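Trainee: Please find coords.txt (compact mmCIF, C-alpha atoms (C1' of nucleotides)) on the next line:
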# COMPACT_ATOMS: atom_id res chain seq x y z
CA MET B 1 8.39 30.31 2.86
CA ARG B 2 4.75 29.35 2.75
CA ILE B 3 3.38 25.86 2.34
CA GLY B 4 2.83 26.07 -1.40
CA GLU B 5 6.42 26.91 -2.10
CA LEU B 6 7.74 24.20 0.17
CA ALA B 7 5.46 21.77 -1.59
CA SER B 8 6.73 22.67 -5.03
CA GLN B 9 10.38 22.78 -3.95
CA ALA B 10 10.18 19.43 -2.25
CA GLY B 11 8.02 17.91 -4.95
CA VAL B 12 5.08 16.89 -2.81
CA SER B 13 1.51 18.08 -2.45
CA VAL B 14 0.34 20.68 0.01
CA ARG B 15 -1.99 18.06 1.41
CA SER B 16 0.93 15.80 2.17
CA LEU B 17 2.79 18.50 4.08
CA ARG B 18 -0.18 19.13 6.30
CA TYR B 19 -0.47 15.39 6.80
CA TYR B 20 3.20 15.14 7.78
CA GLU B 21 2.66 17.83 10.36
CA GLU B 22 -0.37 16.01 11.69
CA GLN B 23 1.78 12.91 12.03
CA GLY B 24 4.48 14.76 13.87
CA LEU B 25 7.06 14.50 11.08
CA LEU B 26 7.26 18.17 10.27
CA SER B 27 6.76 21.34 12.26
CA SER B 28 6.07 24.89 11.24
CA THR B 29 5.85 28.30 12.77
CA ARG B 30 2.68 30.23 12.20
CA SER B 31 2.27 33.77 10.94
CA ALA B 32 -0.01 36.15 12.81
CA SER B 33 -2.86 35.09 10.59
CA GLY B 34 -2.21 31.42 11.21
CA GLN B 35 -0.43 30.50 7.99
CA ARG B 36 2.41 28.00 8.17
CA ARG B 37 5.92 29.30 7.58
CA TYR B 38 8.93 27.16 6.82
CA THR B 39 12.65 27.68 6.58
CA ASP B 40 14.83 26.50 3.73
CA LYS B 41 16.10 23.49 5.58
CA GLU B 42 12.61 22.01 5.69
CA VAL B 43 12.99 21.27 2.01
CA GLU B 44 15.70 18.74 2.72
CA ARG B 45 13.75 17.35 5.63
CA VAL B 46 10.70 16.74 3.46
CA ARG B 47 12.83 15.08 0.81
CA PHE B 48 14.30 12.84 3.46
CA ILE B 49 10.86 11.94 4.74
CA GLN B 50 9.86 11.08 1.19
CA ARG B 51 12.87 8.83 0.89
CA LEU B 52 11.85 6.96 4.01
CA TYR B 53 8.31 6.61 2.72
CA ALA B 54 9.68 5.27 -0.54
CA ALA B 55 11.69 2.78 1.46
CA GLY B 56 8.49 1.45 2.95
CA LEU B 57 8.52 3.07 6.37
CA SER B 58 5.18 4.13 7.81
CA SER B 59 4.45 7.52 9.31
CA ARG B 60 4.63 6.07 12.77
CA THR B 61 7.98 4.44 12.12
CA ILE B 62 9.39 7.60 10.60
CA ALA B 63 8.23 9.53 13.64
CA GLU B 64 10.03 7.00 15.82
CA VAL B 65 13.38 7.36 14.11
CA LEU B 66 13.28 11.09 13.50
CA PRO B 67 14.98 11.88 16.82
CA CYS B 68 18.04 10.14 15.42
CA VAL B 69 17.90 12.47 12.43
CA GLU B 70 17.35 15.69 14.28
CA SER B 71 19.85 15.27 17.02
CA PRO B 72 22.37 12.55 16.29
CA SER B 73 24.67 14.73 18.35
CA GLU B 74 23.02 13.70 21.57
CA LYS B 75 22.33 10.27 22.84
CA THR B 76 19.01 9.38 21.33
CA SER B 77 16.76 6.80 22.91
CA ASP B 78 17.64 3.15 22.60
CA GLU B 79 14.28 2.42 21.07
CA ALA B 80 14.70 4.96 18.32
CA PHE B 81 18.15 3.68 17.50
CA GLU B 82 17.02 0.07 17.64
CA ARG B 83 14.21 0.88 15.28
CA LEU B 84 16.63 2.52 12.91
CA VAL B 85 18.71 -0.63 12.75
CA GLN B 86 15.63 -2.81 12.35
CA GLU B 87 14.43 -0.77 9.41
CA ARG B 88 17.80 -0.96 7.77
CA GLU B 89 17.59 -4.72 7.98
CA ARG B 90 14.04 -4.76 6.69
CA ILE B 91 15.15 -2.77 3.66
CA ASP B 92 17.93 -5.28 3.17
CA ARG B 93 15.52 -8.18 3.19
CA HIS B 94 13.20 -6.34 0.87
CA MET B 95 16.01 -5.76 -1.59
CA ARG B 96 16.92 -9.43 -1.58
CA GLU B 97 13.29 -10.33 -2.18
CA LEU B 98 13.16 -7.89 -5.08
CA GLY B 99 16.33 -9.43 -6.41
CA ARG B 100 14.70 -12.84 -6.48
CA ALA B 101 11.62 -11.48 -8.21
CA ARG B 102 13.79 -9.75 -10.78
CA GLU B 103 15.64 -12.97 -11.37
CA ALA B 104 12.34 -14.79 -11.91
CA LEU B 105 11.24 -12.16 -14.39
CA ASP B 106 14.56 -12.42 -16.20
CA LEU B 107 14.01 -16.12 -16.70
CA LEU B 108 10.53 -15.43 -18.03
CA ILE B 109 11.80 -12.74 -20.33
CA ASP B 110 14.44 -15.02 -21.75
CA ALA B 111 12.01 -17.91 -22.17
CA ASN B 112 9.59 -15.67 -23.99
CA ARG B 113 12.23 -14.07 -26.17
CA ALA B 114 13.30 -17.52 -27.25
CA HIS B 115 9.85 -18.16 -28.64
CA ARG B 116 9.28 -14.80 -30.19
CA GLY B 117 11.07 -13.25 -33.10
CA LEU B 118 14.42 -14.22 -31.61
CA THR B 119 15.15 -10.53 -31.96
CA ALA B 120 17.82 -8.96 -29.85
CA CYS B 121 18.36 -12.10 -27.84
CA VAL B 122 21.44 -11.19 -25.94
CA SER B 123 22.01 -7.72 -27.25
CA PRO B 124 23.01 -5.32 -24.54
CA VAL B 125 21.09 -2.07 -24.29
CA MET G 1 -6.89 -30.76 -3.34
CA ARG G 2 -9.38 -28.38 -1.79
CA ILE G 3 -8.85 -24.70 -1.14
CA GLY G 4 -7.81 -25.07 2.48
CA GLU G 5 -4.96 -27.39 1.67
CA LEU G 6 -3.73 -25.25 -1.19
CA ALA G 7 -3.79 -22.31 1.15
CA SER G 8 -1.68 -24.01 3.79
CA GLN G 9 0.74 -25.49 1.27
CA ALA G 10 1.25 -22.18 -0.46
CA GLY G 11 1.30 -20.21 2.74
CA VAL G 12 -1.54 -17.84 1.99
CA SER G 13 -5.07 -17.42 3.28
CA VAL G 14 -8.14 -19.03 1.80
CA ARG G 15 -9.48 -15.54 1.30
CA SER G 16 -6.50 -14.64 -0.82
CA LEU G 17 -6.98 -17.63 -3.10
CA ARG G 18 -10.58 -16.72 -3.75
CA TYR G 19 -9.45 -13.16 -4.38
CA TYR G 20 -6.83 -14.34 -6.88
CA GLU G 21 -9.49 -16.27 -8.73
CA GLU G 22 -11.74 -13.23 -8.76
CA GLN G 23 -8.85 -11.27 -10.27
CA GLY G 24 -8.24 -13.88 -12.93
CA LEU G 25 -4.88 -14.99 -11.55
CA LEU G 26 -5.90 -18.50 -10.59
CA SER G 27 -8.43 -20.95 -11.89
CA SER G 28 -10.05 -23.99 -10.37
CA THR G 29 -12.28 -26.84 -11.37
CA ARG G 30 -15.40 -27.31 -9.35
CA SER G 31 -16.68 -30.48 -7.71
CA ALA G 32 -20.30 -31.48 -8.23
CA SER G 33 -21.24 -29.55 -5.12
CA GLY G 34 -19.42 -26.45 -6.29
CA GLN G 35 -16.25 -26.71 -4.22
CA ARG G 36 -13.00 -25.60 -5.79
CA ARG G 37 -10.45 -28.31 -6.65
CA TYR G 38 -6.80 -27.69 -7.41
CA THR G 39 -3.92 -29.72 -8.72
CA ASP G 40 -0.47 -29.84 -7.17
CA LYS G 41 1.02 -27.45 -9.66
CA GLU G 42 -1.20 -24.66 -8.43
CA VAL G 43 0.96 -24.53 -5.32
CA GLU G 44 3.89 -23.26 -7.34
CA ARG G 45 1.66 -20.91 -9.25
CA VAL G 46 0.37 -19.34 -6.05
CA ARG G 47 3.89 -18.97 -4.72
CA PHE G 48 4.88 -17.27 -7.92
CA ILE G 49 1.94 -14.91 -7.69
CA GLN G 50 2.99 -14.09 -4.15
CA ARG G 51 6.46 -13.28 -5.35
CA LEU G 52 5.09 -10.86 -7.90
CA TYR G 53 2.92 -9.21 -5.28
CA ALA G 54 5.95 -8.90 -3.04
CA ALA G 55 7.75 -7.25 -5.92
CA GLY G 56 5.07 -4.59 -6.03
CA LEU G 57 2.99 -5.72 -8.97
CA SER G 58 -0.75 -5.16 -8.75
CA SER G 59 -3.37 -7.78 -9.48
CA ARG G 60 -4.09 -6.21 -12.82
CA THR G 61 -0.44 -6.19 -13.81
CA ILE G 62 0.05 -9.77 -12.73
CA ALA G 63 -2.96 -10.74 -14.80
CA GLU G 64 -1.39 -8.99 -17.76
CA VAL G 65 1.89 -10.85 -17.61
CA LEU G 66 0.56 -14.26 -16.65
CA PRO G 67 0.17 -15.35 -20.30
CA CYS G 68 3.96 -15.17 -20.51
CA VAL G 69 4.19 -17.51 -17.55
CA GLU G 70 1.63 -20.03 -18.66
CA SER G 71 2.67 -20.41 -22.21
CA PRO G 72 6.12 -19.02 -22.91
CA SER G 73 6.21 -21.78 -25.49
CA GLU G 74 3.94 -19.86 -27.80
CA LYS G 75 4.25 -16.34 -28.98
CA THR G 76 2.54 -14.32 -26.31
CA SER G 77 1.13 -10.89 -27.02
CA ASP G 78 3.47 -7.98 -27.47
CA GLU G 79 1.69 -6.09 -24.73
CA ALA G 80 2.15 -8.84 -22.19
CA PHE G 81 5.82 -9.15 -23.03
CA GLU G 82 6.32 -5.41 -23.03
CA ARG G 83 4.70 -5.21 -19.62
CA LEU G 84 7.02 -7.92 -18.35
CA VAL G 85 10.04 -5.91 -19.39
CA GLN G 86 8.60 -2.73 -17.94
CA GLU G 87 8.04 -4.37 -14.59
CA ARG G 88 11.53 -5.72 -14.54
CA GLU G 89 12.81 -2.20 -15.00
CA ARG G 90 10.49 -0.86 -12.34
CA ILE G 91 11.86 -3.40 -9.89
CA ASP G 92 15.34 -2.31 -10.86
CA ARG G 93 14.54 1.32 -10.14
CA HIS G 94 12.89 0.36 -6.89
CA MET G 95 15.98 -1.54 -5.81
CA ARG G 96 18.18 1.43 -6.54
CA GLU G 97 15.85 3.67 -4.55
CA LEU G 98 15.99 1.23 -1.65
CA GLY G 99 19.74 1.21 -1.93
CA ARG G 100 19.84 4.98 -1.52
CA ALA G 101 17.52 4.81 1.48
CA ARG G 102 19.67 2.12 3.04
CA GLU G 103 22.73 4.25 2.48
CA ALA G 104 21.02 7.19 4.19
CA LEU G 105 20.11 5.01 7.14
CA ASP G 106 23.66 3.74 7.34
CA LEU G 107 24.93 7.28 7.67
CA LEU G 108 22.40 7.94 10.40
CA ILE G 109 23.31 4.76 12.20
CA ASP G 110 26.99 5.62 12.14
CA ALA G 111 26.36 9.19 13.27
CA ASN G 112 24.26 7.97 16.15
CA ARG G 113 26.68 5.25 17.14
CA ALA G 114 29.40 7.83 17.32
CA HIS G 115 27.45 9.71 19.97
CA ARG G 116 26.28 6.74 21.94
CA GLY G 117 28.35 4.35 23.99
CA LEU G 118 30.81 4.05 21.13
CA THR G 119 30.08 0.37 21.48
CA ALA G 120 30.74 -1.95 18.60
CA CYS G 121 31.56 0.88 16.27
CA VAL G 122 32.89 -1.04 13.36
CA SER G 123 32.56 -4.54 14.69
CA PRO G 124 31.19 -6.96 12.17
CA VAL G 125 28.20 -9.08 13.19
C1' DC Z 1 -27.90 -39.55 11.60
C1' DT Z 2 -25.27 -35.97 13.41
C1' DC Z 3 -21.43 -33.38 14.96
C1' DG Z 4 -17.93 -30.48 13.61
C1' DC Z 5 -15.08 -28.72 10.35
C1' DG Z 6 -14.55 -27.13 5.68
C1' DT Z 7 -16.51 -24.52 1.91
C1' DC Z 8 -19.71 -21.39 -0.58
C1' DT Z 9 -21.31 -16.43 -1.77
C1' DG Z 10 -21.88 -11.79 -0.62
C1' DA Z 11 -20.96 -7.92 1.78
C1' DC Z 12 -18.94 -4.83 4.85
C1' DG Z 13 -14.49 -3.46 7.53
C1' DT Z 14 -9.54 -2.09 7.47
C1' DC Z 15 -5.44 0.70 6.91
C1' DA Z 16 -2.51 4.41 5.21
C1' DA Z 17 -1.32 8.16 2.47
C1' DT Z 18 -3.48 11.22 -0.17
C1' DG Z 19 -7.24 13.46 -3.22
C1' DT Z 20 -10.91 16.51 -3.09
C1' DC Z 21 -14.49 19.55 -1.72
C1' DA Z 22 -16.78 23.15 1.08
C1' DG Z 23 -16.85 27.35 3.33
C1' DG Z 24 -14.21 30.78 4.89
C1' DG Z 25 -9.91 34.02 5.73
C1' DT Z 26 -5.12 36.25 3.68
C1' DC Z 27 -2.17 38.63 0.77
C1' DC Z 28 -0.62 41.48 -2.84
C1' DA Z 29 -0.66 43.64 -7.49
C1' DG Z 30 -3.15 46.79 -10.05
C1' DC P 1 -10.03 48.35 -2.50
C1' DT P 2 -10.77 44.52 -5.27
C1' DG P 3 -9.87 40.28 -7.75
C1' DG P 4 -7.45 36.23 -8.00
C1' DA P 5 -4.20 33.23 -6.08
C1' DC P 6 -3.06 31.26 -1.86
C1' DC P 7 -4.06 29.49 2.80
C1' DC P 8 -6.96 27.60 6.74
C1' DT P 9 -9.79 23.61 9.03
C1' DG P 10 -12.63 19.76 8.75
C1' DA P 11 -14.48 16.08 6.61
C1' DC P 12 -15.52 12.68 3.34
C1' DA P 13 -13.63 9.77 -0.79
C1' DT P 14 -10.19 6.66 -2.76
C1' DT P 15 -7.36 2.46 -3.63
C1' DG P 16 -5.88 -2.49 -3.05
C1' DA P 17 -5.29 -6.69 -0.90
C1' DC P 18 -7.02 -8.65 2.01
C1' DG P 19 -9.84 -9.74 7.15
C1' DT P 20 -14.05 -10.94 8.97
C1' DC P 21 -18.71 -12.11 9.55
C1' DA P 22 -23.28 -14.11 8.38
C1' DG P 23 -26.07 -17.61 6.71
C1' DA P 24 -26.21 -21.75 4.21
C1' DC P 25 -24.41 -26.05 2.30
C1' DG P 26 -20.84 -30.23 1.89
C1' DC P 27 -18.52 -34.00 3.84
C1' DG P 28 -16.38 -37.63 6.55
C1' DA P 29 -16.02 -39.91 11.25
C1' DG P 30 -18.30 -42.09 14.76
Is it possible to express this structure as structure tokens?

Mentor:
Amino acid sequence: MRIGELASQAGVSVRSLRYYEEQGLLSSTRSASGQRRYTDKEVERVRFIQRLYAAGLSSRTIAEVLPCVESPSEKTSDEAFERLVQERERIDRHMRELGRAREALDLLIDANRAHRGLTACVSPV
Amino acid sequence: MRIGELASQAGVSVRSLRYYEEQGLLSSTRSASGQRRYTDKEVERVRFIQRLYAAGLSSRTIAEVLPCVESPSEKTSDEAFERLVQERERIDRHMRELGRAREALDLLIDANRAHRGLTACVSPV
DNA sequence: CTCGCGTCTGACGTCAATGTCAGGGTCCAG
DNA sequence: CTGGACCCTGACATTGACGTCAGACGCGAG
């Protein structure tokens, strides 16, 4: 498939796909005229990349751990694997931090509800 | 206290404090010579602001919900309260997304471990 | 008084992922 | 074979929360 179709199937912009390639996250074959061609499995790969971006990994970090994704069947470099574990822990910490923020907001929400109409105080959604 | 001390007590840079003031998140009284003066309670306020930043809120959003923080005792605007609830939900969604990413990384980690030295496969830390 | 550190304002630099535009080829349906 | 939709490269623009620097003033110790 061409880049436009991959973009729409994976839910990202064409610009982003070219950027991913520039960053070494995605590769493509080229047609005779120089247009990028992709196979179906690239769709999943792009979605996975997006997931890592959403988890806060940078392009460089994603590039570092990609060997572990592409060929978990062979012994990937210690650095790549170490990075993978580090990022997992970073996500863990981030989640705990978010949990604390959510807790703080919950307190605020309750405090404010108590001084508003007292509507739907403890009513579950 | 002056800005430098607030910065060190709250664990942020002087630059950040001036930025917060510029964004309407923090206020200060001024000495005769124009230097900013803060009270002790600003320390907590700055820490709280940091927590919201860490949770992914923007300056503008923080400014919107701050009325709920300062005076939960009086009926704050519907918009501010609504925003508070929205942000809580956004954090929730973000946490779930992070959870999925962590899960994906866990699968990768296991797959890679299986093809490495097979060291410490299931050993707890 | 002065030395050195803190503070002031204002402005430009940064970084990363992406938007956007220009100027030019490609491809296919009609 | 032509028009419109798609693609190419290259480059500049954007956004947000700061970093950093310049030039000037404030302040307390010695």

Trainee: Give me, as a VMD selection string, all polymer residues having an atom no more than 12 Å from DT15 (chain P), counting only C-alpha atoms (C1' of nucleotides) and skipping those fewer than 3 positions away in the same chain.

Mentor: (chain G and resid 58) or (chain Z and resid 15 to 19)

Trainee: For CA of Thr61 (chain B) and CA of Glu103 (chain G), determine how far apart the two atoms are, in Å to one decimal place.

Mentor: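 That distance, rounded to one decimal, is 17.6 Å.
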
Trainee: Distance CA of Asp92 (chain G)-CA of Glu21 (chain G), one decimal place?

Mentor: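 Here the two named atoms are 28.6 Å from each other.
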
Trainee: Using all atoms listed in the file, find the residues of chain G whose closest atom to chain B is at most 6 Å away, then write them as a PyMOL selection string.

Mentor: chain G and resi 55+72+75+88+95+98+102+112+115-116

Trainee: What separation in Å, quoted to one decimal, exists between C1' of DC27 (chain P) and CA of Ser27 (chain G)?

Mentor: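 C1' of DC27 (chain P) sits 22.8 Å away from CA of Ser27 (chain G).
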
Trainee: For a quick test of understanding: name the residues of chain P lying within 12 Å of chain B when counting all atoms listed in the file, and present them as a ChimeraX atom specification.

Mentor: /P:5-9

Trainee: May I ask which of the residues Z:DA29, Z:DA11, Z:DG4, Z:DT20 is the closest one to chain B, counting only C-alpha atoms (C1' of nucleotides)?

Mentor: Z:DT20

Trainee: Using all atoms listed in the file, which of the listed residues (Z:DT26, Z:DT2, Z:DC21, Z:DG10) sits closest to chain B?

Mentor: Z:DT26

Trainee: As a ChimeraX atom specification, could you give me every residue of chain Z near chain G (at most 8 Å apart, counting all atoms listed in the file)?

Mentor: /Z:6-8

Trainee: Go ahead and dump the residues you just picked, C-alpha atoms (C1' of nucleotides), as a PDB file, keeping the file's coordinate frame.

Mentor:
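Ended up saving to result_9.pdb:
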ATOM      1  C1'  DG Z   6     -14.550 -27.130   5.680  1.00  0.00           C
ATOM      2  C1'  DT Z   7     -16.510 -24.520   1.910  1.00  0.00           C
ATOM      3  C1'  DC Z   8     -19.710 -21.390  -0.580  1.00  0.00           C
TER       4       DC Z   8
END

Trainee: Pick out the residues sitting within 12 Å of DT20 (chain P), and hand them over as a PyMOL selection string; count only C-alpha atoms (C1' of nucleotides), and ignore anything fewer than 4 positions along from it in its own chain.

Mentor: (chain G and resi 15) or (chain Z and resi 11-14)

Trainee: Quick one: what's the axis-aligned box for region 1-7 of chain P, all listed atoms, 8 Å on every side, centre and edges in Å to one decimal, as AutoDock Vina command-line options?

Mentor:
--center_x -6.9 --center_y 38.9 --center_z -2.6 --size_x 23.7 --size_y 34.9 --size_z 26.8

Trainee: Check the smallest atom-to-atom distance from each of G:Leu57, G:Glu70, G:Ala80, G:Arg93 to DA17 (chain P) using all atoms listed in the file, then report the winner.

Mentor: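 Looking only at the distances to DA17 (chain P), the closest residue turns out to be G:Leu57.
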